[in-house]
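Right, one structure below, let's go through it.
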Amino acid sequence: MKYLKLKATTFLIAASLASPLAAQEAGGRLDIVVQPEPPGLMLGLIQNGPTQLVAGDIYESLLRYDSDLNPMPSLAKSWDISEDGLTYTFQLTEGVKWHDGEPFTADDVVFSADVFLRETHARLRASLAYVESITAPDPMTVVFKLKEPFGPFINAFENGTMPIVPKHIYEGTDFANNPANATPIGTGPFKFDEWVKGSHIHLVKNEDYYVDGLPYLDEVFYRVIPDAAARAVAFETGEVDVLPGGSVENWDIPRLAEMDGVCVTEKGWEFLAPLSWMWLNNREGPTANEKFRQAVMYAMDREFMKDVVWNGYGKVATGPIASSTNFYSDDVTIYDHNPDKAKELLAEMGYDGEPVSILPLPYGETWQRWAEAVRQNLSEVGINVEIDSADVAGWNEKTSQWDYDMAFTYLYQYGDPALGVSRNYTADRIKKGSPWNNVEGYENPSLDEKWAAAATMVTPEEREAAYLEIQKEIVDDVPVAWMQELTFPTIYRCNVNDLVTTAIGINDGPRNAWIEK
Amino acid sequence: MWKRFRSNMGAMIGVVMLVAVIVIALIAPLLFPDGPWQMVQRPFLAPFAVDGLPLGTDTLGRNVAAQLAYGAQVSLLVGLVSTLVALLIGVPLGALAGFYGGYADEGAMRFTEFFQTIPNFALAIVLVAIFEPTLFSITLAIAIVSWPPVARLVRAEVMSVRAREFVDAARLAGLSKPRILIQQVLPNTVSPIIVMASLMVATAILLESSLSFLGLGDPNAMSWGYMIGAARTVIRTSWWLSFFPGIAIVITVLALNLIGEGLNDAFNPHLSRKGKA
């Protein structure tokens, strides 16, 4: 009996290992919506969403990341971080060729990171400030030497952050105006074929791709359809197979998801991890009082808002760090819906009914409804709330000039608190004129030191402990009202397999995707 | 005159409908003490799906019936106040232009034309966008775009009345010009102004609804246009969210038009009889 059981288990393991391999079928084409049409496909120059979506198949970086943000091999087959956290050594994958047939070497990596991207990529430049030198001791090895330890550096080798560009095409040219930008050459699983402006971008399989058998698809079409309703219809009629996050309105998602053979996934946003919150003006008005800010957190039924305003997509935030970002912890004060507690806090602070305004993000109906739900919740505990209104320019103006009481926003986290979280809470980021820094005006010198120390600690364990301490403390202060982790679900036909397997979702999805016939 | 009005079927139906709308607007706080923004039930409930929610719920689970009732307040308020303000601008300006003539007339009319050359709705959008949408700015914007026709009408009426014999008599009696204008001329232009005003209220309600529909409404005031604008995106799945406020607008505007017609017929029996013949 025991023997039989063992045999059965072995068989099951063997079957589960074998079946996905055996089932993968090569061939076919994938039609993906791209919205809006990208301004260009040269990923080293442009890193907005649509460009990353399309060019993520053409260009590659040294690493890829799974949905827990663990690095995986890509152009680098292995990597090593020295004990002191100062030296990052990458062994490159053999047999990689650029789409024009030239061999890919360590020189391309050095040129991309040290020359090209240093000039063109602002976000990477901030991380490269920690880098002392980038060298290629041999054609298959690249070494990054840092001035001081910088934990998040291992997250900098993502495709949208450090795309590797061909040295033999760009060296010594005017990067932005190089005619080759129109026909991008990368190392990725798909080659650029043609771009019919206003209609589609056509990519074809890279027959020489260095991973055997990949990609499975013969071709990928990125379709430009300017109207949201038309995009939904195109999916319904089968004209397109994939609707990337944000390409249809929220309330259309349940309808499309109910169709036969349609799958929806919220995965693929782990790296960007968009977290939404309301800026609470820490400088003046009732929101300057910590008790008031805590009352706001208790007054809101954020679970309800997630279910109703966002159709259940997303996750209620527990603090400044999104759950998919490294060093997240939920071991903090949890603000559940507790109107009585909110009323208590308001009574303690002696709230006199001074009206506060809410400025919704002018990104459409969903955000407007969200502000209305918040106003209703707050007025139920006796807070006098008015909704302010502004267009995108007005919203930028009001938040960056600190002319608000509460204002909705959301920002990306890029995998690490030092890259995308601390910027909103440290005093050195209080600067009028930008809506992306410490807009709320939160000042906590002891926490500032902890944020700075945590960024340059050597081991992940040390950083973990430091960020736990930070999260515990900041969540009690409520510098901003954390709302929820946003997810923008990807809608696709279920016969498209392995489309979203990494932390950047379909940006590098077609590499592994295959269509079941 | 009242008798003539009363015998007009259409006008009486209009009055009944308008009174109904006014009553609903007035008793809204009694019917729905929690206000129009209260989230009472699951979102997207169809009419009559749940007891006590005869018109269903909206995208956030708010009571559509409550929204309609409070929307009536906003629509009527904006309609009446903006018309009143438009009259306050248009009547004096038209009267002065028509009565004094000459440079006063030239100046006032060029000023009026300046406003008339810009499409009403476009100007209203620009004004609201500049002032930031509040009930006050919306009412003001609607008043600003709707006074020019009043000025022109009053001017024309005053000019025709001014040439009558009783005005000459008043002048011979030694009355001052302002006194003649206010005591003798203006009272004789009231009937067309009343007719026009009733139609202007209807137009103002439509304008307010259109502004709210475009997202330029006061975000703190529930209005019919806002309801339709918010429901526009879910019209395929939840028809009732745009249907009921639409009906409310139709009823109110129709009622005001019927009343306006009735008043017109009552004030100008000759015209009306000709019309019927």
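We name chains A, B, ... following the order of the structure tokens; residues begin at 1 in each chain, and ligands are numbered from 1 as shown.
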Exercise for review: Compute the set of chain A residues within 12 Å of chain B, using only C-alpha atoms, and express it as a PyMOL selection string.
Suggested key: chain A and resi 228-229+248-255+301+304-311+357-360+362-380+384-391+394
Under the rule of at most 10 Å, produce a per-residue listing of segment 17-67 of chain A near segment 222-226 of chain A: chain, number, name, the closest pair of atoms, and the distance in Å, as CSV, using only C-alpha atoms.
residue,atom,partner,partner_atom,distance
A:Leu30,CA,A:Tyr222,CA,8.4
A:Asp31,CA,A:Tyr222,CA,5.9
A:Ile32,CA,A:Tyr222,CA,4.9
A:Val33,CA,A:Arg223,CA,4.8
A:Val34,CA,A:Val224,CA,5.5
A:Gln35,CA,A:Val224,CA,6.4
A:Pro36,CA,A:Pro226,CA,6.8
A:Glu37,CA,A:Val224,CA,5.9
A:Pro38,CA,A:Val224,CA,9.2
A:Pro50,CA,A:Tyr222,CA,9.9
A:Leu53,CA,A:Tyr222,CA,9.1
A:Val54,CA,A:Tyr222,CA,7.2
Check your understanding: Which residues, written as a PyMOL selection string, have at least one atom at most 6 Å from Gly225 of chain B, with only C-alpha atoms counted and residues fewer than 6 positions away on the same chain left out?
Key -> chain B and resi 209-210+212-213
Practice item. Skip segment 278-291 of chain A itself and residues of its chain fewer than 4 positions away, then list as an MDAnalysis selection string all residues within 6 Å of it, counting only C-alpha atoms. Key: chainID A and resid 345 405:408 440:442 480:481
Review point. Quick one: residues within 8 Å of Glu266 of chain A, only C-alpha atoms counted, chain neighbours fewer than 2 positions away excluded, as a list in words?
Key: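 What passes the distance filter is Val264, Gly268, Trp269, Tyr313, Gly314, Thr487, Phe488, Pro489 and Thr490 of chain A.
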Only N, CA and C atoms, please: the residues just picked out, written as a PDB file, in the first residue's frame.
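See out-v3.pdb below for the written result:
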ATOM      1  N   VAL A 264      -9.232  36.585 -16.467  1.00  0.00           N
ATOM      2  CA  VAL A 264      -8.801  37.870 -15.945  1.00  0.00           C
ATOM      3  C   VAL A 264      -7.726  37.616 -14.903  1.00  0.00           C
ATOM      4  N   GLY A 268       1.011  40.746 -12.436  1.00  0.00           N
ATOM      5  CA  GLY A 268       1.782  41.468 -13.438  1.00  0.00           C
ATOM      6  C   GLY A 268       2.018  42.917 -13.089  1.00  0.00           C
ATOM      7  N   TRP A 269       1.577  43.342 -11.890  1.00  0.00           N
ATOM      8  CA  TRP A 269       1.816  44.736 -11.475  1.00  0.00           C
ATOM      9  C   TRP A 269       2.697  44.784 -10.238  1.00  0.00           C
ATOM     10  N   TYR A 313     -11.453  44.904  -7.554  1.00  0.00           N
ATOM     11  CA  TYR A 313     -10.061  44.735  -7.950  1.00  0.00           C
ATOM     12  C   TYR A 313      -9.160  45.596  -7.064  1.00  0.00           C
ATOM     13  N   GLY A 314      -8.049  45.009  -6.628  1.00  0.00           N
ATOM     14  CA  GLY A 314      -7.130  45.739  -5.777  1.00  0.00           C
ATOM     15  C   GLY A 314      -7.103  45.153  -4.390  1.00  0.00           C
ATOM     16  N   THR A 487      -4.911  47.501  -8.782  1.00  0.00           N
ATOM     17  CA  THR A 487      -4.484  46.575  -9.827  1.00  0.00           C
ATOM     18  C   THR A 487      -5.292  46.895 -11.057  1.00  0.00           C
ATOM     19  N   PHE A 488      -4.658  46.797 -12.160  1.00  0.00           N
ATOM     20  CA  PHE A 488      -5.327  47.033 -13.429  1.00  0.00           C
ATOM     21  C   PHE A 488      -5.373  45.676 -14.118  1.00  0.00           C
ATOM     22  N   PRO A 489      -6.529  44.977 -13.999  1.00  0.00           N
ATOM     23  CA  PRO A 489      -6.573  43.590 -14.457  1.00  0.00           C
ATOM     24  C   PRO A 489      -6.320  43.451 -15.959  1.00  0.00           C
ATOM     25  N   THR A 490      -5.605  42.398 -16.290  1.00  0.00           N
ATOM     26  CA  THR A 490      -5.387  42.043 -17.684  1.00  0.00           C
ATOM     27  C   THR A 490      -6.471  41.049 -18.084  1.00  0.00           C
TER      28      THR A 490
END
Can you list every residue of segment 100-218 of chain B that has an atom at most 12 Å from segment 249-271 of chain B, with its nearest atom pair and the distance in Å to one decimal, using only C-alpha atoms, ordered by chain then number, as CSV?
residue,atom,partner,partner_atom,distance
B:Asn188,CA,B:Phe267,CA,11.4
B:Thr189,CA,B:Phe267,CA,11.0
B:Val190,CA,B:Phe267,CA,9.9
B:Ser191,CA,B:Phe267,CA,6.3
B:Pro192,CA,B:Asn264,CA,7.3
B:Ile193,CA,B:Asn264,CA,10.0
B:Ile194,CA,B:Leu263,CA,7.9
B:Val195,CA,B:Gly260,CA,5.1
B:Met196,CA,B:Gly260,CA,7.2
B:Ala197,CA,B:Gly260,CA,8.1
B:Ser198,CA,B:Gly260,CA,5.4
B:Leu199,CA,B:Asn257,CA,5.8
B:Met200,CA,B:Leu256,CA,8.9
B:Val201,CA,B:Leu256,CA,7.4
B:Ala202,CA,B:Val253,CA,4.9
B:Thr203,CA,B:Val253,CA,7.7
B:Ala204,CA,B:Val253,CA,9.5
B:Ile205,CA,B:Val253,CA,7.4
B:Leu206,CA,B:Ile249,CA,7.5
B:Leu207,CA,B:Ile249,CA,11.0
B:Glu208,CA,B:Ile249,CA,10.6
B:Ser209,CA,B:Ile249,CA,8.2
B:Ser210,CA,B:Ile249,CA,10.8
Exercise for review: Identify, on the basis of only C-alpha atoms, every residue whose closest approach to Asp208 of chain A does not exceed 10 Å; exclude the query and any residue fewer than 5 positions from it along the same chain; express the result as JSON, numbers by chain.
Suggested key: {"A": [95, 96, 97, 98, 99, 101, 187, 188, 189, 190, 213, 214, 215]}
Review point. If you count only C-alpha atoms, which residues fall within 8 Å of segment 91-101 of chain B, apart from same-chain ones fewer than 3 positions away, as a list in words?
Key: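 Counting only the stated atoms, we get Leu87, Leu88, Ala104, Asp105, Glu106, Ala108, Met109, Val150, Ala151, Arg152, Leu153, Val154, Arg155, Ala156, Glu157, Val158, Met159, Arg162, Leu181 and Leu186 of chain B.
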Using the selection just defined, write its residues with all heavy atoms as a compact mmCIF listing (two decimals), in the first residue's frame.
# COMPACT_ATOMS: atom_id res chain seq x y z
N LEU B 87 -32.95 88.56 -15.80
CA LEU B 87 -33.93 89.63 -15.93
C LEU B 87 -33.38 90.92 -15.33
O LEU B 87 -33.57 92.01 -15.89
CB LEU B 87 -35.23 89.25 -15.23
CG LEU B 87 -36.05 88.13 -15.88
CD1 LEU B 87 -37.29 87.84 -15.06
CD2 LEU B 87 -36.43 88.48 -17.30
N LEU B 88 -32.69 90.78 -14.20
CA LEU B 88 -32.16 91.97 -13.53
C LEU B 88 -31.12 92.68 -14.40
O LEU B 88 -30.96 93.89 -14.33
CB LEU B 88 -31.54 91.59 -12.18
CG LEU B 88 -32.56 91.31 -11.08
CD1 LEU B 88 -31.88 90.83 -9.82
CD2 LEU B 88 -33.40 92.56 -10.81
N ALA B 104 -27.12 105.79 -26.00
CA ALA B 104 -27.44 104.76 -25.01
C ALA B 104 -27.84 103.48 -25.72
O ALA B 104 -27.36 102.38 -25.40
CB ALA B 104 -28.57 105.25 -24.11
N ASP B 105 -28.70 103.63 -26.73
CA ASP B 105 -29.18 102.48 -27.49
C ASP B 105 -28.03 101.80 -28.21
O ASP B 105 -27.84 100.58 -28.12
CB ASP B 105 -30.24 102.95 -28.49
CG ASP B 105 -30.92 101.77 -29.16
OD1 ASP B 105 -30.92 100.69 -28.55
OD2 ASP B 105 -31.44 101.95 -30.27
N GLU B 106 -27.26 102.63 -28.94
CA GLU B 106 -26.12 102.08 -29.69
C GLU B 106 -25.19 101.28 -28.77
O GLU B 106 -24.86 100.13 -29.02
CB GLU B 106 -25.32 103.22 -30.33
CG GLU B 106 -25.96 103.79 -31.59
CD GLU B 106 -25.93 102.79 -32.74
OE1 GLU B 106 -24.90 102.10 -32.87
OE2 GLU B 106 -26.95 102.68 -33.45
N ALA B 108 -25.64 100.05 -25.70
CA ALA B 108 -26.22 98.87 -25.07
C ALA B 108 -26.36 97.74 -26.07
O ALA B 108 -26.07 96.57 -25.76
CB ALA B 108 -27.58 99.22 -24.48
N MET B 109 -26.77 98.08 -27.29
CA MET B 109 -26.99 97.01 -28.26
C MET B 109 -25.68 96.39 -28.73
O MET B 109 -25.60 95.18 -28.95
CB MET B 109 -27.79 97.54 -29.46
CG MET B 109 -29.26 97.67 -29.15
SD MET B 109 -30.00 96.15 -28.49
CE MET B 109 -30.16 96.54 -26.76
N VAL B 150 -33.34 88.93 -23.48
CA VAL B 150 -34.25 89.73 -22.66
C VAL B 150 -34.06 91.21 -22.98
O VAL B 150 -35.03 91.95 -23.20
CB VAL B 150 -33.97 89.49 -21.15
CG1 VAL B 150 -34.94 90.30 -20.31
CG2 VAL B 150 -34.06 88.02 -20.82
N ALA B 151 -32.81 91.62 -23.04
CA ALA B 151 -32.54 93.03 -23.33
C ALA B 151 -33.14 93.45 -24.66
O ALA B 151 -33.77 94.51 -24.78
CB ALA B 151 -31.02 93.27 -23.32
N ARG B 152 -32.98 92.60 -25.65
CA ARG B 152 -33.49 92.95 -26.98
C ARG B 152 -35.01 93.00 -26.99
O ARG B 152 -35.62 93.90 -27.59
CB ARG B 152 -32.98 91.94 -28.02
CG ARG B 152 -31.48 91.92 -28.14
CD ARG B 152 -31.06 91.36 -29.49
NE ARG B 152 -31.21 92.36 -30.53
CZ ARG B 152 -30.20 93.01 -31.08
NH1 ARG B 152 -28.95 92.74 -30.71
NH2 ARG B 152 -30.41 93.90 -32.03
N LEU B 153 -35.62 92.04 -26.30
CA LEU B 153 -37.09 92.02 -26.25
C LEU B 153 -37.62 93.27 -25.56
O LEU B 153 -38.51 93.96 -26.08
CB LEU B 153 -37.56 90.76 -25.51
CG LEU B 153 -39.07 90.70 -25.26
CD1 LEU B 153 -39.77 90.19 -26.51
CD2 LEU B 153 -39.42 89.81 -24.07
N VAL B 154 -37.04 93.57 -24.40
CA VAL B 154 -37.53 94.71 -23.63
C VAL B 154 -37.33 96.00 -24.44
O VAL B 154 -38.19 96.87 -24.48
CB VAL B 154 -36.81 94.79 -22.27
CG1 VAL B 154 -37.19 96.07 -21.53
CG2 VAL B 154 -37.18 93.58 -21.43
N ARG B 155 -36.18 96.09 -25.09
CA ARG B 155 -35.90 97.29 -25.90
C ARG B 155 -36.99 97.48 -26.96
O ARG B 155 -37.56 98.57 -27.11
CB ARG B 155 -34.53 97.14 -26.55
CG ARG B 155 -34.24 98.20 -27.60
CD ARG B 155 -32.85 98.00 -28.16
NE ARG B 155 -32.57 98.87 -29.30
CZ ARG B 155 -32.79 98.52 -30.55
NH1 ARG B 155 -33.32 97.34 -30.84
NH2 ARG B 155 -32.53 99.37 -31.55
N ALA B 156 -37.28 96.37 -27.67
CA ALA B 156 -38.28 96.48 -28.73
C ALA B 156 -39.65 96.87 -28.17
O ALA B 156 -40.34 97.74 -28.71
CB ALA B 156 -38.37 95.14 -29.47
N GLU B 157 -40.03 96.27 -27.06
CA GLU B 157 -41.32 96.57 -26.44
C GLU B 157 -41.38 98.03 -26.00
O GLU B 157 -42.35 98.74 -26.27
CB GLU B 157 -41.54 95.66 -25.22
CG GLU B 157 -41.88 94.22 -25.57
CD GLU B 157 -43.25 94.11 -26.24
OE1 GLU B 157 -44.18 94.82 -25.81
OE2 GLU B 157 -43.36 93.33 -27.22
N VAL B 158 -40.28 98.45 -25.34
CA VAL B 158 -40.25 99.83 -24.85
C VAL B 158 -40.34 100.81 -26.01
O VAL B 158 -41.06 101.81 -25.96
CB VAL B 158 -38.97 100.07 -24.02
CG1 VAL B 158 -38.77 101.56 -23.77
CG2 VAL B 158 -39.06 99.32 -22.70
N MET B 159 -39.65 100.50 -27.09
CA MET B 159 -39.68 101.41 -28.23
C MET B 159 -41.09 101.56 -28.78
O MET B 159 -41.52 102.64 -29.15
CB MET B 159 -38.74 100.91 -29.34
CG MET B 159 -37.28 101.22 -29.04
SD MET B 159 -36.18 100.42 -30.19
CE MET B 159 -35.89 101.76 -31.31
N ARG B 162 -43.31 103.40 -26.14
CA ARG B 162 -42.89 104.80 -26.00
C ARG B 162 -43.60 105.72 -27.01
O ARG B 162 -43.84 106.89 -26.76
CB ARG B 162 -41.38 104.84 -26.22
CG ARG B 162 -40.77 106.18 -26.25
CD ARG B 162 -39.29 106.06 -26.47
NE ARG B 162 -39.00 105.80 -27.88
CZ ARG B 162 -37.79 105.94 -28.41
NH1 ARG B 162 -36.77 106.26 -27.65
NH2 ARG B 162 -37.60 105.72 -29.70
N LEU B 181 -40.71 106.19 -17.74
CA LEU B 181 -40.21 104.84 -18.06
C LEU B 181 -40.69 103.82 -17.04
O LEU B 181 -41.24 102.77 -17.39
CB LEU B 181 -38.67 104.87 -18.09
CG LEU B 181 -37.99 103.52 -18.31
CD1 LEU B 181 -38.42 102.89 -19.63
CD2 LEU B 181 -36.48 103.65 -18.26
N LEU B 186 -42.75 100.64 -18.60
CA LEU B 186 -42.38 99.27 -18.21
C LEU B 186 -43.56 98.38 -17.86
O LEU B 186 -43.63 97.23 -18.29
CB LEU B 186 -41.38 99.30 -17.06
CG LEU B 186 -39.91 99.37 -17.50
CD1 LEU B 186 -38.98 99.32 -16.30
CD2 LEU B 186 -39.57 98.25 -18.47
